There are 2 protein chains.
Amino acid sequence: MTLAEIESNPSFIYQEANYQPGRSWRTWLIGRPLATADAPHQAIGKFVGLAVFSSDAMSSVAYGPQEMMLVLAAAGAAGLAYAVPLAIGIVVLLTILTVSYEQTIHAYPGGGGAYIVARDNLGELPAQTAGAALLTDYILTVAVSISSGVAQITSAFPNLFPYRVEIAVALVLFIMLINLRGVKESGAIFAAPTYLFLGLAFITVIVGMARFLTGNLGVVVDPPPLELTHGAQALALFLLLRAFASGTTSLTGVEAISNCITAFREPKSRNAGATLIWMSLILGSLLLGITFLARQIGAVPSDIGETVISQLARTAYGGRGVIYLATLVSTTLILIMAANTSFADFPRLGALHAGDGFLPKQLMYKGSRLVFSRGIMALALISSALIILFKASVSALIPLYAIGVFLSFTLSQTGMARRWSRVGHLKAGEEIKDPGSTLRYEQGWQTKLVINAVGAVCTFIVMIVFAVTKFRDGAWIIVLLVPVLVFTFFRIHHHYKRLAKQLSLDEYGAPSRVGRHRVIMPISGVHRGSLAGLAYARALSSDVTAVYVALDPVEAEKVKHKWETWGDGVRLVVLDSPYRLLIEPLLAYIQQIDALRQPNEIISIIVPQFVPKHWWANALHAQTALMLRMALLFKRGVVITEVPYQVD
Amino acid sequence: MTLAEIESNPSFIYQEANYQPGRSWRTWLIGRPLATADAPHQAIGKFVGLAVFSSDAMSSVAYGPQEMMLVLAAAGAAGLAYAVPLAIGIVVLLTILTVSYEQTIHAYPGGGGAYIVARDNLGELPAQTAGAALLTDYILTVAVSISSGVAQITSAFPNLFPYRVEIAVALVLFIMLINLRGVKESGAIFAAPTYLFLGLAFITVIVGMARFLTGNLGVVVDPPPLELTHGAQALALFLLLRAFASGTTSLTGVEAISNCITAFREPKSRNAGATLIWMSLILGSLLLGITFLARQIGAVPSDIGETVISQLARTAYGGRGVIYLATLVSTTLILIMAANTSFADFPRLGALHAGDGFLPKQLMYKGSRLVFSRGIMALALISSALIILFKASVSALIPLYAIGVFLSFTLSQTGMARRWSRVGHLKAGEEIKDPGSTLRYEQGWQTKLVINAVGAVCTFIVMIVFAVTKFRDGAWIIVLLVPVLVFTFFRIHHHYKRLAKQLSLDEYGAPSRVGRHRVIMPISGVHRGSLAGLAYARALSSDVTAVYVALDPVEAEKVKHKWETWGDGVRLVVLDSPYRLLIEPLLAYIQQIDALRQPNEIISIIVPQFVPKHWWANALHAQTALMLRMALLFKRGVVITEVPYQVD
């Protein structure tokens, strides 16, 4: 291309061929860059949809019943007798949630996550609260699911136990990489392990039931030793509530389908709704089945020993055979899938917040593989930190987990209830277009309002029970964190709003012309570097002053003398520095000049700067330009420019 | 002052009144800044001189005999029997050193450190080697002396033992602060604790001797348990040599006076020489006395228990009374003084290296209190790191200690021998002016040559013995480190030499004028910030191109439209970015323009940049300018300027 072409071409297209070769390691790691036009528009059916969006919910049967029993075990056999009744209670709660979310899915065909429903119906504060709760929850989903997955592995291979934290972090980084590559062909990848898990889980439950009914199920051989986190306790209401709270972690992920309705084939809402019902049926029956059988075989819940799933599988199959191993492997896989779901949801929700101006705008930027790379990396980083901090212990992480989920459930259901009340007040034919959905009058809005209100009340109660019974075990962290996050979101929003106002061209007159352009050039001596700076300074303005800070009077005389020869007639000011300071006298001089500046006068500080060939050589030179920049950054009308002088 | 005055004033003097108020915490910590003219020119006499310069040497009686006995103890009582004979050997070595250095002091009245003597007589490589050895040694003097000082404290107060590392680091930082303030009035401060220590040390030895001669000295009560670092060993030559090597650490610091002759009153060399002899006499008698008495009382050398000095003092005084405590406190004080000596020597030697271009020039810079602040802080940092790494254990640090000292002794004595040979070859009346001294023919140069040659050979042998017997205990670190340091010094020197050549105005023609000045301004949109940038760009040149990277075609159309209104007629180029990259298309565009640049054409990249009021808000903006700067730094003829747009 000729220069004229480049310059006159109003639309210079950046070609893939221009791609920097230095980035090739990135291409190797996450694949070649994808053009924006490559964005996929594939829609999925119910069969694949169930696999893609329900792994989070269904995988929680791997830890929910176990954590519930772990609390009950503190009251001994009398406590464990409550496991099945509590599981029934959780299934009832699941039913209420399912009916509630069924309504959300039909009302928000464009996707009805808690953030959107709360924003449209309740306002910014509840929406940001729901968002903060969900973001926290996604992080914990990764930490809990991966930790539980590793616990399944170490149940099958106990000598891997000392390396559980390393394995868990490696898994998180692996999922991060997969997600940075993008999940274009993910449907099939998801379907296989999910259905493998469902198949094996049901076979385990059915085989166990059959052996129970024929009376030859028996009890678990060599159970892990009983460990009691809080010591032995009397059976009391508080203990039951705490056990119930632990069990409700099985319900995390139920909302996933309502976030992603647009991913389904038409009719989207019906397909998504049907998938939700299927998911709840499967989840409910597995929950009940596993809890019941675990009781019958006398499984001992353990955090650092063998998982309940492992005990159940080897008792049902009568040993550690191939099918036992396959069951544990598929459980691990579905837990990894569950973590993977968060890697899709967290960055997308982050981008939604960023788009509304409540999180840094950079989170909206899609990377070279068309995914929100920064959100993905942030999630991997924070969840890895949590895993390391809590030593990959599911029991230690659980108390932090479900508050956020139930807070977002509550806000979402409250938002829905408010929506039905708004619908009921519309006249026939009238329409309100919210950003997330369109409101029209509907028959039977009263029933729908009651259903969502019941959902809101139930989930609110569960949240309070969870926060109170688990407060000292870690729930306090979330109780503190969510308000802090919400506050931060609003601070960020405030910043962007003010910035937009200050940058706005409304009420902006004609841009003012620059009058005098004064150039001040600090020099460290008279040499080729400072003369290169001088040539540049003279190209900018005819009003140039060179400034030399004299630490040593003899040296200063030499500089004055040399400047007479090489200074090109430019004025030289020598600043005496009796305290041997370099930056301060320059700043004082610039400030005095600046104090007398005319309104449309601009001051440029031109600093000739060596650029050594090797980075380490920078340590051998005073970073004057850098220090001046830091000192003058907040001064209006002063511009600092380093003129690089490359040294080989 | 008026603007005209400021501008026309050829010599703007930086006043103390201009001092930045933000620096007041520094003033509070280290005192008000001192003007260059305030530099002290006080000369000191022999009495104060002995106190100021001999603390390093004399304090080493606190650890030298103990470390020697610790090695001998491995061979049991048979080994310990060699303590006194070995101490006599060390005193012989001390005598040789004293006679040798006496000659150096008279030959180099301006200061005859190993670096200067080696540089003037042997050349750059030996000089840099001596310098590297000395710098290493100064760091270790701080670490060893402070660790030994803390060991004295924990001998008196054993329950402070768990906090020894913290106490040691706090002491180092305290000495650093004192030195950053400067040591203007230090003479008296030094004299008191040094003479207190000498007084108490001699009283302890004399009382002990008197009780020994009268037969009622007895043995130490409750000695610390014997600990053997290398396990029990047979008495062998290797063990004796290793013990001797440990003992030679008592001789570190003997060279201190020869470095600082100019600090003495006239006649400088005679005063300094007399002080050296006094110091050696005191050091030698204390060494012998302490070793002899320690043997008699059956003191058990211990690294983690009670020090030998403490055992000796409480046995001599018959208990832990006031005078016992005073002895230990004064020992601690003199050890702190010894560390303080390094804080004077290390920065000064660093500045000497920097002045010759072998270390970063910044080390030559004297801070606001007229001291080499950067060297002081570097020493504090590195020695604290050593203390933490070696857990303030004297025994662990000792193997690293004396190699550097004896290497510099060897080089210094070799240099002196070479000097006498040069003196011998001069004709009467002939003179050679070295930077450090003037050479004239002298009678009896042969004797002087022999004396220094003997000194060189002895110290060389000791160095080899030390390196071999302590190699595995840590001496290997120094054996590796010194060559690496020397290599680094020469790399730095090479860099400065090349730079000076490249900046030289010799063979430099008339500076070339800038022809075309092309300005390229990337914009993120059309707003007040980019218009501020535009106003600046137009002040620089009439040849301005605004560049917009289009991530989203809809947004790009809006920008084009707005630019028509606000763009002031300046050309706008829109770069399509199908891969959603921001920096890469800009770089590709700039590179294409740059490839077609004329020889005297300059390209300025003007980047409008928000400057938020709060630093944290920077995280909310893409740091485009920073990334462009890093990518374009090495490009000739391209200057990057951020035009700040301050946002409140």
# chains A, B, ... in the order shown; residues from 1 in each chain; ligands from 1
>>> residues_around(residues="stretch 317-322 of chain A", least_positions_apart="3", cutoff="12 Å", atoms="only C-alpha atoms", output="JSON list (two decimals) with N, CA and C atoms, in the first residue's frame")
[["chain", "number", "residue", "atom", "x", "y", "z"],
["A", 155, "SER", "N", -11.70, -40.47, 47.25],
["A", 155, "SER", "CA", -12.41, -41.59, 47.85],
["A", 155, "SER", "C", -12.01, -42.87, 47.13],
["A", 156, "ALA", "N", -11.88, -42.78, 45.80],
["A", 156, "ALA", "CA", -11.51, -43.97, 45.03],
["A", 156, "ALA", "C", -10.01, -44.24, 45.16],
["A", 157, "PHE", "N", -9.21, -43.19, 45.20],
["A", 157, "PHE", "CA", -7.75, -43.33, 45.30],
["A", 157, "PHE", "C", -7.23, -42.54, 46.51],
["A", 200, "LEU", "N", -25.70, -43.71, 35.61],
["A", 200, "LEU", "CA", -25.04, -44.47, 36.67],
["A", 200, "LEU", "C", -25.65, -44.16, 38.03],
["A", 203, "ILE", "N", -28.83, -46.07, 38.21],
["A", 203, "ILE", "CA", -28.56, -47.51, 38.36],
["A", 203, "ILE", "C", -28.16, -47.81, 39.81],
["A", 204, "THR", "N", -27.29, -46.95, 40.37],
["A", 204, "THR", "CA", -26.86, -47.17, 41.75],
["A", 204, "THR", "C", -28.07, -47.18, 42.68],
["A", 205, "VAL", "N", -28.94, -46.17, 42.53],
["A", 205, "VAL", "CA", -30.10, -46.07, 43.40],
["A", 205, "VAL", "C", -31.02, -47.27, 43.19],
["A", 206, "ILE", "N", -31.22, -47.65, 41.94],
["A", 206, "ILE", "CA", -32.15, -48.76, 41.66],
["A", 206, "ILE", "C", -31.59, -50.08, 42.19],
["A", 207, "VAL", "N", -30.30, -50.33, 41.92],
["A", 207, "VAL", "CA", -29.69, -51.56, 42.43],
["A", 207, "VAL", "C", -29.77, -51.58, 43.95],
["A", 208, "GLY", "N", -29.47, -50.43, 44.56],
["A", 208, "GLY", "CA", -29.53, -50.34, 46.02],
["A", 208, "GLY", "C", -30.92, -50.64, 46.53],
["A", 209, "MET", "N", -31.94, -50.05, 45.89],
["A", 209, "MET", "CA", -33.33, -50.26, 46.30],
["A", 209, "MET", "C", -33.72, -51.72, 46.16],
["A", 210, "ALA", "N", -33.33, -52.30, 45.03],
["A", 210, "ALA", "CA", -33.69, -53.71, 44.78],
["A", 210, "ALA", "C", -33.08, -54.58, 45.88],
["A", 211, "ARG", "N", -31.82, -54.35, 46.22],
["A", 211, "ARG", "CA", -31.18, -55.15, 47.24],
["A", 211, "ARG", "C", -31.80, -54.87, 48.61],
["A", 216, "ASN", "N", -31.13, -57.90, 51.15],
["A", 216, "ASN", "CA", -29.71, -58.24, 51.22],
["A", 216, "ASN", "C", -28.80, -57.06, 50.85],
["A", 217, "LEU", "N", -29.21, -55.84, 51.27],
["A", 217, "LEU", "CA", -28.36, -54.66, 51.00],
["A", 217, "LEU", "C", -27.18, -54.62, 51.96],
["A", 218, "GLY", "N", -27.46, -54.92, 53.26],
["A", 218, "GLY", "CA", -26.38, -54.91, 54.24],
["A", 218, "GLY", "C", -25.95, -53.49, 54.60],
["A", 219, "VAL", "N", -24.85, -53.40, 55.33],
["A", 219, "VAL", "CA", -24.34, -52.08, 55.72],
["A", 219, "VAL", "C", -22.95, -51.89, 55.11],
["A", 220, "VAL", "N", -22.49, -50.66, 55.17],
["A", 220, "VAL", "CA", -21.23, -50.32, 54.53],
["A", 220, "VAL", "C", -20.08, -51.00, 55.28],
["A", 221, "VAL", "N", -19.14, -51.57, 54.51],
["A", 221, "VAL", "CA", -17.97, -52.24, 55.08],
["A", 221, "VAL", "C", -16.87, -51.19, 55.30],
["A", 222, "ASP", "N", -16.17, -51.25, 56.43],
["A", 222, "ASP", "CA", -15.07, -50.32, 56.71],
["A", 222, "ASP", "C", -15.46, -48.86, 56.46],
["A", 297, "ILE", "N", -27.72, -48.10, 54.68],
["A", 297, "ILE", "CA", -26.43, -48.80, 54.74],
["A", 297, "ILE", "C", -25.59, -48.30, 55.91],
["A", 310, "SER", "N", -19.45, -42.51, 47.43],
["A", 310, "SER", "CA", -18.53, -43.65, 47.28],
["A", 310, "SER", "C", -18.97, -44.82, 48.15],
["A", 311, "GLN", "N", -19.35, -44.52, 49.41],
["A", 311, "GLN", "CA", -19.79, -45.59, 50.32],
["A", 311, "GLN", "C", -21.03, -46.28, 49.77],
["A", 312, "LEU", "N", -21.96, -45.45, 49.24],
["A", 312, "LEU", "CA", -23.20, -45.99, 48.71],
["A", 312, "LEU", "C", -22.92, -46.88, 47.50],
["A", 313, "ALA", "N", -22.09, -46.39, 46.60],
["A", 313, "ALA", "CA", -21.84, -47.13, 45.36],
["A", 313, "ALA", "C", -21.18, -48.48, 45.67],
["A", 314, "ARG", "N", -20.16, -48.47, 46.56],
["A", 314, "ARG", "CA", -19.49, -49.76, 46.76],
["A", 314, "ARG", "C", -20.34, -50.74, 47.57],
["A", 325, "LEU", "N", -16.20, -47.65, 40.09],
["A", 325, "LEU", "CA", -15.26, -46.64, 39.62],
["A", 325, "LEU", "C", -15.92, -45.72, 38.59],
["A", 326, "ALA", "N", -16.70, -46.30, 37.69],
["A", 326, "ALA", "CA", -17.38, -45.50, 36.66],
["A", 326, "ALA", "C", -18.33, -44.51, 37.33],
["A", 327, "THR", "N", -19.01, -44.94, 38.40],
["A", 327, "THR", "CA", -19.95, -44.05, 39.09],
["A", 327, "THR", "C", -19.20, -42.85, 39.68],
["A", 328, "LEU", "N", -18.06, -43.12, 40.34],
["A", 328, "LEU", "CA", -17.31, -42.02, 40.95],
["A", 328, "LEU", "C", -16.74, -41.09, 39.88],
["A", 329, "VAL", "N", -16.21, -41.70, 38.80],
["A", 329, "VAL", "CA", -15.64, -40.86, 37.73],
["A", 329, "VAL", "C", -16.72, -39.97, 37.13]]
>>> residues_around(residues="A:Glu306", least_positions_apart="4", cutoff="10 Å", atoms="only C-alpha atoms", output="MDAnalysis selection string")
chainID A and resid 151:158 223:225 299:302 310:311
>>> write_last_selection(atoms="N, CA and C atoms", output="PDB file, in the first residue's frame")
ATOM      1  N   ALA A 151     -12.882 -34.712  46.092  1.00  0.00           N
ATOM      2  CA  ALA A 151     -13.180 -35.640  47.190  1.00  0.00           C
ATOM      3  C   ALA A 151     -13.633 -36.988  46.642  1.00  0.00           C
ATOM      4  N   GLN A 152     -14.360 -36.994  45.513  1.00  0.00           N
ATOM      5  CA  GLN A 152     -14.761 -38.273  44.906  1.00  0.00           C
ATOM      6  C   GLN A 152     -13.521 -39.015  44.419  1.00  0.00           C
ATOM      7  N   ILE A 153     -12.608 -38.284  43.779  1.00  0.00           N
ATOM      8  CA  ILE A 153     -11.377 -38.919  43.279  1.00  0.00           C
ATOM      9  C   ILE A 153     -10.598 -39.527  44.437  1.00  0.00           C
ATOM     10  N   THR A 154     -10.452 -38.748  45.538  1.00  0.00           N
ATOM     11  CA  THR A 154      -9.633 -39.249  46.648  1.00  0.00           C
ATOM     12  C   THR A 154     -10.380 -40.344  47.428  1.00  0.00           C
ATOM     13  N   SER A 155     -11.700 -40.469  47.251  1.00  0.00           N
ATOM     14  CA  SER A 155     -12.407 -41.593  47.847  1.00  0.00           C
ATOM     15  C   SER A 155     -12.010 -42.875  47.132  1.00  0.00           C
ATOM     16  N   ALA A 156     -11.883 -42.778  45.804  1.00  0.00           N
ATOM     17  CA  ALA A 156     -11.507 -43.967  45.026  1.00  0.00           C
ATOM     18  C   ALA A 156     -10.008 -44.238  45.161  1.00  0.00           C
ATOM     19  N   PHE A 157      -9.211 -43.185  45.197  1.00  0.00           N
ATOM     20  CA  PHE A 157      -7.754 -43.333  45.295  1.00  0.00           C
ATOM     21  C   PHE A 157      -7.233 -42.545  46.509  1.00  0.00           C
ATOM     22  N   PRO A 158      -7.351 -43.138  47.709  1.00  0.00           N
ATOM     23  CA  PRO A 158      -7.060 -42.378  48.942  1.00  0.00           C
ATOM     24  C   PRO A 158      -5.634 -41.820  48.992  1.00  0.00           C
ATOM     25  N   PRO A 223     -16.471 -48.345  57.146  1.00  0.00           N
ATOM     26  CA  PRO A 223     -16.811 -46.930  56.909  1.00  0.00           C
ATOM     27  C   PRO A 223     -15.697 -46.031  57.426  1.00  0.00           C
ATOM     28  N   PRO A 224     -15.591 -44.815  56.929  1.00  0.00           N
ATOM     29  CA  PRO A 224     -14.566 -43.898  57.458  1.00  0.00           C
ATOM     30  C   PRO A 224     -14.882 -43.567  58.911  1.00  0.00           C
ATOM     31  N   PRO A 225     -13.903 -43.228  59.727  1.00  0.00           N
ATOM     32  CA  PRO A 225     -14.178 -42.872  61.127  1.00  0.00           C
ATOM     33  C   PRO A 225     -15.059 -41.628  61.202  1.00  0.00           C
ATOM     34  N   ALA A 299     -24.221 -45.278  56.178  1.00  0.00           N
ATOM     35  CA  ALA A 299     -23.067 -44.524  55.670  1.00  0.00           C
ATOM     36  C   ALA A 299     -22.637 -43.479  56.693  1.00  0.00           C
ATOM     37  N   VAL A 300     -21.344 -43.305  56.837  1.00  0.00           N
ATOM     38  CA  VAL A 300     -20.818 -42.306  57.778  1.00  0.00           C
ATOM     39  C   VAL A 300     -20.376 -41.077  56.981  1.00  0.00           C
ATOM     40  N   PRO A 301     -21.064 -39.935  57.175  1.00  0.00           N
ATOM     41  CA  PRO A 301     -20.651 -38.732  56.431  1.00  0.00           C
ATOM     42  C   PRO A 301     -19.268 -38.278  56.878  1.00  0.00           C
ATOM     43  N   SER A 302     -18.417 -37.937  55.945  1.00  0.00           N
ATOM     44  CA  SER A 302     -17.038 -37.591  56.289  1.00  0.00           C
ATOM     45  C   SER A 302     -16.530 -36.511  55.339  1.00  0.00           C
ATOM     46  N   SER A 310     -19.446 -42.512  47.433  1.00  0.00           N
ATOM     47  CA  SER A 310     -18.533 -43.648  47.277  1.00  0.00           C
ATOM     48  C   SER A 310     -18.969 -44.817  48.155  1.00  0.00           C
ATOM     49  N   GLN A 311     -19.353 -44.521  49.408  1.00  0.00           N
ATOM     50  CA  GLN A 311     -19.793 -45.588  50.315  1.00  0.00           C
ATOM     51  C   GLN A 311     -21.035 -46.281  49.769  1.00  0.00           C
TER      52      GLN A 311
END
>>> residues_around(residues="A:Gly637", least_positions_apart="4", cutoff="12 Å", atoms="only C-alpha atoms", output="number ranges by chain")
A: 514-519, 590-591, 593-595, 597-605, 632-633; B: 532-533, 535-536, 643-646
>>> closest_residue(among="A:Val172, A:Ile336, A:Ala74, A:Leu534", to="chain B", atoms="only C-alpha atoms")
A:Leu534
>>> select_by_dssp(residues="stretch 529-580 of chain A", states="alpha helix (DSSP H)", output="PyMOL selection string")
chain A and resi 529-540+553-566
>>> write_last_selection(atoms="C-alpha atoms", output="PDB file, in the first residue's frame")
ATOM      1  CA  GLY A 529      20.380  12.694  23.727  1.00  0.00           C
ATOM      2  CA  SER A 530      19.589  16.217  24.862  1.00  0.00           C
ATOM      3  CA  LEU A 531      20.199  17.579  21.353  1.00  0.00           C
ATOM      4  CA  ALA A 532      17.718  15.047  19.959  1.00  0.00           C
ATOM      5  CA  GLY A 533      15.254  16.349  22.552  1.00  0.00           C
ATOM      6  CA  LEU A 534      16.056  19.923  21.540  1.00  0.00           C
ATOM      7  CA  ALA A 535      15.356  19.208  17.860  1.00  0.00           C
ATOM      8  CA  TYR A 536      11.971  17.795  18.832  1.00  0.00           C
ATOM      9  CA  ALA A 537      11.197  20.683  21.201  1.00  0.00           C
ATOM     10  CA  ARG A 538      11.939  23.241  18.483  1.00  0.00           C
ATOM     11  CA  ALA A 539       9.587  21.403  16.114  1.00  0.00           C
ATOM     12  CA  LEU A 540       6.781  21.897  18.642  1.00  0.00           C
ATOM     13  CA  PRO A 553      28.909  24.257  40.289  1.00  0.00           C
ATOM     14  CA  VAL A 554      31.908  23.077  38.251  1.00  0.00           C
ATOM     15  CA  GLU A 555      29.747  20.782  36.138  1.00  0.00           C
ATOM     16  CA  ALA A 556      27.202  23.610  35.706  1.00  0.00           C
ATOM     17  CA  GLU A 557      29.849  25.918  34.210  1.00  0.00           C
ATOM     18  CA  LYS A 558      30.819  23.225  31.724  1.00  0.00           C
ATOM     19  CA  VAL A 559      27.179  22.752  30.688  1.00  0.00           C
ATOM     20  CA  LYS A 560      26.699  26.520  30.205  1.00  0.00           C
ATOM     21  CA  HIS A 561      29.791  26.670  28.067  1.00  0.00           C
ATOM     22  CA  LYS A 562      28.833  23.692  25.913  1.00  0.00           C
ATOM     23  CA  TRP A 563      25.284  25.016  25.503  1.00  0.00           C
ATOM     24  CA  GLU A 564      26.656  28.176  23.946  1.00  0.00           C
ATOM     25  CA  THR A 565      28.071  26.019  21.154  1.00  0.00           C
ATOM     26  CA  TRP A 566      25.300  23.452  20.751  1.00  0.00           C
TER      27      TRP A 566
END
>>> atom_distance(atom1="atom CA of B:Ala428", atom2="atom CA of B:Asn452")
22.7 Å
>>> residues_around(residues="A:Phe634", least_positions_apart="5", cutoff="12 Å", atoms="only C-alpha atoms", output="list in words")
Leu628, Arg629, Val639 and Ile640 of chain A; Gln609, Phe610, Val611, Pro612, Lys613, His614, Trp615, Val643, Pro644, Tyr645, Gln646, Val647 and Asp648 of chain B
>>> residues_around(residues="A:Val462", least_positions_apart="2", cutoff="9 Å", atoms="only C-alpha atoms", output="list in words")
Phe244, Ala245, Thr248, Ile403, Phe406, Val457, Cys458, Thr459, Phe460, Ile464, Val465, Phe466 and Ala467 of chain A
>>> write_last_selection(atoms="N, CA and C atoms", output="PDB file, in the first residue's frame")
ATOM      1  N   PHE A 244     -30.752 -28.782  57.870  1.00  0.00           N
ATOM      2  CA  PHE A 244     -31.612 -28.415  56.740  1.00  0.00           C
ATOM      3  C   PHE A 244     -30.904 -27.406  55.839  1.00  0.00           C
ATOM      4  N   ALA A 245     -30.274 -26.405  56.484  1.00  0.00           N
ATOM      5  CA  ALA A 245     -29.563 -25.379  55.717  1.00  0.00           C
ATOM      6  C   ALA A 245     -28.477 -26.026  54.859  1.00  0.00           C
ATOM      7  N   THR A 248     -29.958 -27.595  51.839  1.00  0.00           N
ATOM      8  CA  THR A 248     -30.480 -26.720  50.774  1.00  0.00           C
ATOM      9  C   THR A 248     -29.423 -26.386  49.734  1.00  0.00           C
ATOM     10  N   ILE A 403     -26.174 -18.798  50.967  1.00  0.00           N
ATOM     11  CA  ILE A 403     -26.844 -17.516  51.281  1.00  0.00           C
ATOM     12  C   ILE A 403     -27.054 -16.698  50.028  1.00  0.00           C
ATOM     13  N   PHE A 406     -29.853 -18.095  47.857  1.00  0.00           N
ATOM     14  CA  PHE A 406     -31.211 -17.860  48.353  1.00  0.00           C
ATOM     15  C   PHE A 406     -31.556 -16.379  48.396  1.00  0.00           C
ATOM     16  N   VAL A 457     -41.252 -15.764  50.031  1.00  0.00           N
ATOM     17  CA  VAL A 457     -41.271 -15.908  51.495  1.00  0.00           C
ATOM     18  C   VAL A 457     -40.462 -17.142  51.920  1.00  0.00           C
ATOM     19  N   CYS A 458     -40.699 -18.267  51.214  1.00  0.00           N
ATOM     20  CA  CYS A 458     -39.984 -19.500  51.578  1.00  0.00           C
ATOM     21  C   CYS A 458     -38.466 -19.310  51.436  1.00  0.00           C
ATOM     22  N   THR A 459     -38.042 -18.785  50.300  1.00  0.00           N
ATOM     23  CA  THR A 459     -36.595 -18.664  50.089  1.00  0.00           C
ATOM     24  C   THR A 459     -36.005 -17.645  51.064  1.00  0.00           C
ATOM     25  N   PHE A 460     -36.795 -16.621  51.411  1.00  0.00           N
ATOM     26  CA  PHE A 460     -36.311 -15.643  52.388  1.00  0.00           C
ATOM     27  C   PHE A 460     -36.076 -16.311  53.741  1.00  0.00           C
ATOM     28  N   ILE A 464     -32.542 -16.731  55.881  1.00  0.00           N
ATOM     29  CA  ILE A 464     -32.326 -16.290  57.258  1.00  0.00           C
ATOM     30  C   ILE A 464     -31.862 -17.465  58.116  1.00  0.00           C
ATOM     31  N   VAL A 465     -32.521 -18.641  57.939  1.00  0.00           N
ATOM     32  CA  VAL A 465     -32.116 -19.837  58.688  1.00  0.00           C
ATOM     33  C   VAL A 465     -30.650 -20.147  58.407  1.00  0.00           C
ATOM     34  N   PHE A 466     -30.295 -20.094  57.130  1.00  0.00           N
ATOM     35  CA  PHE A 466     -28.918 -20.395  56.734  1.00  0.00           C
ATOM     36  C   PHE A 466     -27.939 -19.424  57.396  1.00  0.00           C
ATOM     37  N   ALA A 467     -28.261 -18.128  57.278  1.00  0.00           N
ATOM     38  CA  ALA A 467     -27.344 -17.104  57.797  1.00  0.00           C
ATOM     39  C   ALA A 467     -27.182 -17.242  59.307  1.00  0.00           C
TER      40      ALA A 467
END
>>> residues_around(residues="A:Gly89", least_positions_apart="2", cutoff="12 Å", atoms="only C-alpha atoms", output="list in words")
Tyr82, Ala83, Val84, Pro85, Leu86, Ala87, Val91, Val92, Leu93, Leu94, Thr95, Ile96, Leu240, Leu241, Ala243, Phe244, Ala245, Gly247, Thr248, Leu251, Gly284, Leu287, Leu288, Cys458 and Val462 of chain A
>>> closest_residue(among="A:Gly424, A:Gly455, A:Gly474, A:Pro608", to="chain B", atoms="only C-alpha atoms")
A:Pro608
>>> atom_distance(atom1="atom CA of B:Arg374", atom2="atom CA of A:Arg580")
13.8 Å
>>> atom_distance(atom1="atom CA of B:His621", atom2="atom CA of A:Ile376")
18.7 Å
